[in-house]
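**Q** Starting off with a structure, shown below.
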Amino acid sequence: MSVLAVDKPGLLGNIGEVFGDMNINIHNLEMGPAEYLEAYKTNVISLSFLLKLPYKMSTYDLFKKIVQVSEVLEISWEGEEVDKKMFSHFYSPSKKSVGEEGQDSRMDQ
């Protein structure tokens with residue numbers, strides 16, 4: 001699973017908490033450098049996870065939890081982008097990330 005997210009303290013912990021709550025094991029993590037993306041008007045970071053999911057866990061359940069992490073902007077699974085609009089009832093797309101006063105770090109895709 002790959003995630004593009006707002007680069008801010010606590011991001012990895014917030015995602016890790018979701019994985020822990022769902023009994024998902026992280027086998028590997030690659031983090032890209034933080035960079036400013038004009039499309040989001042903020043610094044973002046890419047995270048690529050190699051995960052071991054519990055037997056018979058639905059990826060849908062995982063995605064609906066990950067989209068609730070306020071810093072997460074984009075998700076892809078096995079190279080395919082996950083359509084966050086499918087999960088819009090689990091989060092507010094216009095919600096500003098905590099600590100981003102005056103700057104909307106989450107824009108519709």
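The way I read the labels, and the way they are meant: chains A, B, ... in the order of the structure tokens, residue 1 as the first residue of every chain, and ligand 1 as the first ligand shown, with later ones counted on from there.
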So that I can see what lies close to A:Ile24, please list as a list of chain:residue names the residues with an atom at most 10 Å from it, counting only C-alpha atoms and leaving out residues fewer than 3 positions away in the same chain.
**A** A:Gly16, A:Glu17, A:Val18, A:Phe19, A:Gly20, A:Asp21, A:His27, A:Leu51, A:Lys52, A:Leu53, A:Pro54, A:Met57, A:Leu62
**Q** Produce a file of the selected residues containing C-alpha atoms, as a tab-separated table (two decimals), in the first residue's frame.
**A**
chain	number	residue	atom	x	y	z
A	16	GLY	CA	0.63	2.85	12.50
A	17	GLU	CA	-2.18	3.09	15.04
A	18	VAL	CA	-4.68	2.07	12.35
A	19	PHE	CA	-2.50	-0.90	11.41
A	20	GLY	CA	-2.09	-1.92	15.05
A	21	ASP	CA	-5.81	-1.68	15.76
A	27	HIS	CA	7.08	-5.89	6.91
A	51	LEU	CA	1.94	-5.22	4.82
A	52	LYS	CA	0.80	-8.58	6.13
A	53	LEU	CA	-2.95	-8.51	6.63
A	54	PRO	CA	-4.80	-10.96	8.85
A	57	MET	CA	-9.29	-9.22	6.11
A	62	LEU	CA	-8.45	-1.11	5.73
**Q** Using only C-alpha atoms, which residues sit within 12 Å of A:Gly79 once same-chain residues fewer than 3 positions away are excluded, as a list in words?
**A**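 The residues satisfying every condition are Met1, Ser2, Val3, Ser48, Phe49, Ile75, Ser76 and Val82 of chain A.
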**Q** How about saving the chosen residues, N, CA and C atoms kept, as a CSV table (one decimal), in the first residue's frame?
**A**
chain,number,residue,atom,x,y,z
A,1,MET,N,0.9,-1.2,0.0
A,1,MET,CA,0.0,0.0,0.0
A,1,MET,C,0.9,1.2,0.0
A,2,SER,N,0.5,2.2,-0.8
A,2,SER,CA,1.3,3.5,-0.8
A,2,SER,C,0.3,4.6,-0.4
A,3,VAL,N,0.9,5.6,0.3
A,3,VAL,CA,0.1,6.7,0.8
A,3,VAL,C,0.8,8.0,0.4
A,48,SER,N,5.5,4.0,1.4
A,48,SER,CA,5.1,2.8,0.7
A,48,SER,C,5.3,1.6,1.7
A,49,PHE,N,4.2,0.9,2.0
A,49,PHE,CA,4.2,-0.1,3.0
A,49,PHE,C,4.1,-1.5,2.4
A,75,ILE,N,-4.3,7.2,-1.7
A,75,ILE,CA,-3.9,5.8,-1.4
A,75,ILE,C,-3.9,5.0,-2.7
A,76,SER,N,-2.9,4.1,-2.7
A,76,SER,CA,-2.9,3.2,-3.8
A,76,SER,C,-2.6,1.8,-3.3
A,82,VAL,N,-6.7,4.1,-5.2
A,82,VAL,CA,-7.9,3.8,-4.5
A,82,VAL,C,-8.8,5.1,-4.6
**Q** Compile the contact shell of A:Phe63 as an mmCIF file with N, CA and C atoms, in the first residue's frame: residues with an atom at most 12 Å away, counting only C-alpha atoms, same-chain residues fewer than 2 positions apart removed.
**A**
data_model
loop_
_atom_site.group_PDB
_atom_site.id
_atom_site.type_symbol
_atom_site.label_atom_id
_atom_site.label_comp_id
_atom_site.auth_asym_id
_atom_site.auth_seq_id
_atom_site.Cartn_x
_atom_site.Cartn_y
_atom_site.Cartn_z
ATOM 1 N N MET A 1 0.852 -1.168 0.000
ATOM 2 C CA MET A 1 0.000 0.000 0.000
ATOM 3 C C MET A 1 0.896 1.229 0.000
ATOM 4 N N SER A 2 0.542 2.204 -0.817
ATOM 5 C CA SER A 2 1.250 3.476 -0.840
ATOM 6 C C SER A 2 0.302 4.585 -0.439
ATOM 7 N N VAL A 3 0.865 5.567 0.256
ATOM 8 C CA VAL A 3 0.079 6.691 0.757
ATOM 9 C C VAL A 3 0.828 7.971 0.436
ATOM 10 N N ILE A 15 -0.974 6.488 11.196
ATOM 11 C CA ILE A 15 -1.175 5.364 10.284
ATOM 12 C C ILE A 15 -0.846 4.053 10.993
ATOM 13 N N VAL A 18 -3.648 2.761 13.128
ATOM 14 C CA VAL A 18 -4.685 2.066 12.353
ATOM 15 C C VAL A 18 -4.248 0.626 12.108
ATOM 16 N N PHE A 19 -2.999 0.457 11.662
ATOM 17 C CA PHE A 19 -2.497 -0.902 11.407
ATOM 18 C C PHE A 19 -2.527 -1.742 12.679
ATOM 19 N N MET A 22 -5.905 -2.925 13.680
ATOM 20 C CA MET A 22 -6.450 -3.927 12.760
ATOM 21 C C MET A 22 -5.580 -5.191 12.698
ATOM 22 N N MET A 57 -8.978 -10.633 5.882
ATOM 23 C CA MET A 57 -9.294 -9.219 6.110
ATOM 24 C C MET A 57 -9.649 -8.567 4.782
ATOM 25 N N SER A 58 -10.676 -7.771 4.786
ATOM 26 C CA SER A 58 -11.108 -7.027 3.613
ATOM 27 C C SER A 58 -10.253 -5.773 3.454
ATOM 28 N N THR A 59 -9.727 -5.553 2.240
ATOM 29 C CA THR A 59 -8.991 -4.314 2.001
ATOM 30 C C THR A 59 -9.931 -3.108 2.123
ATOM 31 N N TYR A 60 -11.203 -3.312 1.848
ATOM 32 C CA TYR A 60 -12.191 -2.238 2.012
ATOM 33 C C TYR A 60 -12.174 -1.724 3.452
ATOM 34 N N ASP A 61 -12.119 -2.637 4.414
ATOM 35 C CA ASP A 61 -12.082 -2.229 5.826
ATOM 36 C C ASP A 61 -10.818 -1.425 6.128
ATOM 37 N N LYS A 65 -10.562 2.862 7.055
ATOM 38 C CA LYS A 65 -9.875 3.369 8.254
ATOM 39 C C LYS A 65 -8.762 4.348 7.882
ATOM 40 N N ILE A 66 -8.011 4.030 6.825
ATOM 41 C CA ILE A 66 -6.893 4.887 6.424
ATOM 42 C C ILE A 66 -7.387 6.253 5.948
ATOM 43 N N VAL A 67 -8.514 6.306 5.240
ATOM 44 C CA VAL A 67 -9.012 7.606 4.774
ATOM 45 C C VAL A 67 -9.421 8.505 5.932
ATOM 46 N N GLN A 68 -9.640 7.935 7.102
ATOM 47 C CA GLN A 68 -9.998 8.727 8.275
ATOM 48 C C GLN A 68 -8.795 9.423 8.903
ATOM 49 N N VAL A 69 -7.572 9.036 8.521
ATOM 50 C CA VAL A 69 -6.372 9.736 8.992
ATOM 51 C C VAL A 69 -6.351 11.067 8.241
ATOM 52 N N VAL A 72 -3.916 11.969 5.280
ATOM 53 C CA VAL A 72 -3.847 11.129 4.079
ATOM 54 C C VAL A 72 -4.577 11.805 2.917
ATOM 55 N N GLU A 74 -3.888 10.627 -0.677
ATOM 56 C CA GLU A 74 -4.081 9.627 -1.721
ATOM 57 C C GLU A 74 -3.640 8.268 -1.201
ATOM 58 N N ILE A 75 -4.289 7.216 -1.715
ATOM 59 C CA ILE A 75 -3.945 5.837 -1.366
ATOM 60 C C ILE A 75 -3.868 5.037 -2.653
ATOM 61 N N SER A 76 -2.886 4.148 -2.740
ATOM 62 C CA SER A 76 -2.879 3.192 -3.846
ATOM 63 C C SER A 76 -2.588 1.808 -3.281
ATOM 64 N N TRP A 77 -3.144 0.822 -3.958
ATOM 65 C CA TRP A 77 -3.005 -0.571 -3.547
ATOM 66 C C TRP A 77 -2.578 -1.363 -4.766
ATOM 67 N N GLU A 81 -4.630 3.362 -7.927
ATOM 68 C CA GLU A 81 -5.136 4.364 -6.991
ATOM 69 C C GLU A 81 -6.506 3.955 -6.457
ATOM 70 N N VAL A 82 -6.669 4.114 -5.165
ATOM 71 C CA VAL A 82 -7.942 3.829 -4.504
ATOM 72 C C VAL A 82 -8.791 5.091 -4.601
ATOM 73 N N ASP A 83 -10.012 4.950 -5.074
ATOM 74 C CA ASP A 83 -10.919 6.084 -5.213
ATOM 75 C C ASP A 83 -11.478 6.451 -3.847
ATOM 76 N N LYS A 84 -10.951 7.532 -3.274
ATOM 77 C CA LYS A 84 -11.384 7.942 -1.937
ATOM 78 C C LYS A 84 -12.848 8.355 -1.902
ATOM 79 N N LYS A 85 -13.433 8.677 -3.044
ATOM 80 C CA LYS A 85 -14.840 9.062 -3.072
ATOM 81 C C LYS A 85 -15.736 7.912 -2.614
ATOM 82 N N MET A 86 -15.249 6.678 -2.786
ATOM 83 C CA MET A 86 -16.014 5.516 -2.312
ATOM 84 C C MET A 86 -16.152 5.519 -0.796
ATOM 85 N N PHE A 87 -15.267 6.253 -0.130
ATOM 86 C CA PHE A 87 -15.225 6.246 1.328
ATOM 87 C C PHE A 87 -15.580 7.615 1.905
ATOM 88 N N SER A 88 -16.181 8.486 1.099
ATOM 89 C CA SER A 88 -16.436 9.859 1.528
ATOM 90 C C SER A 88 -17.354 9.946 2.746
ATOM 91 N N PHE A 90 -17.000 8.268 5.324
ATOM 92 C CA PHE A 90 -16.189 7.991 6.509
ATOM 93 C C PHE A 90 -15.318 9.174 6.916
ATOM 94 N N TYR A 91 -15.228 10.181 6.042
ATOM 95 C CA TYR A 91 -14.421 11.356 6.364
ATOM 96 C C TYR A 91 -15.035 12.564 5.684
#
**Q** Calculated over only C-alpha atoms, which of the candidates A:Ser70, A:Glu80, A:Leu4, A:Gly10 has the smallest distance to A:Met31?
**A**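 Looking only at the distances to A:Met31, the closest residue turns out to be A:Leu4.
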**Q** Could you write out, as a ChimeraX atom specification, all the residues of chain A that DSSP marks as helix (DSSP H, G or I)?
**A** /A:11-21,59-66,84-90
**Q** Among chain A, which residues does DSSP mark as strand (DSSP E or B) when it is run on the backbone? Keep the chain and numbering as in the structure and answer as a VMD selection string.
**A** chain A and resid 2 to 6 25 to 31 35 to 37 42 to 52 72 to 77 80 to 81
**Q** Do a neighbour search on A:Asp7 at 12 Å with only C-alpha atoms, toss out local chain neighbours closer than 2 positions, and write the hits as a PyMOL selection string.
**A** chain A and resi 3-5+9-12+31-37+40-47+70-73+97-100+105
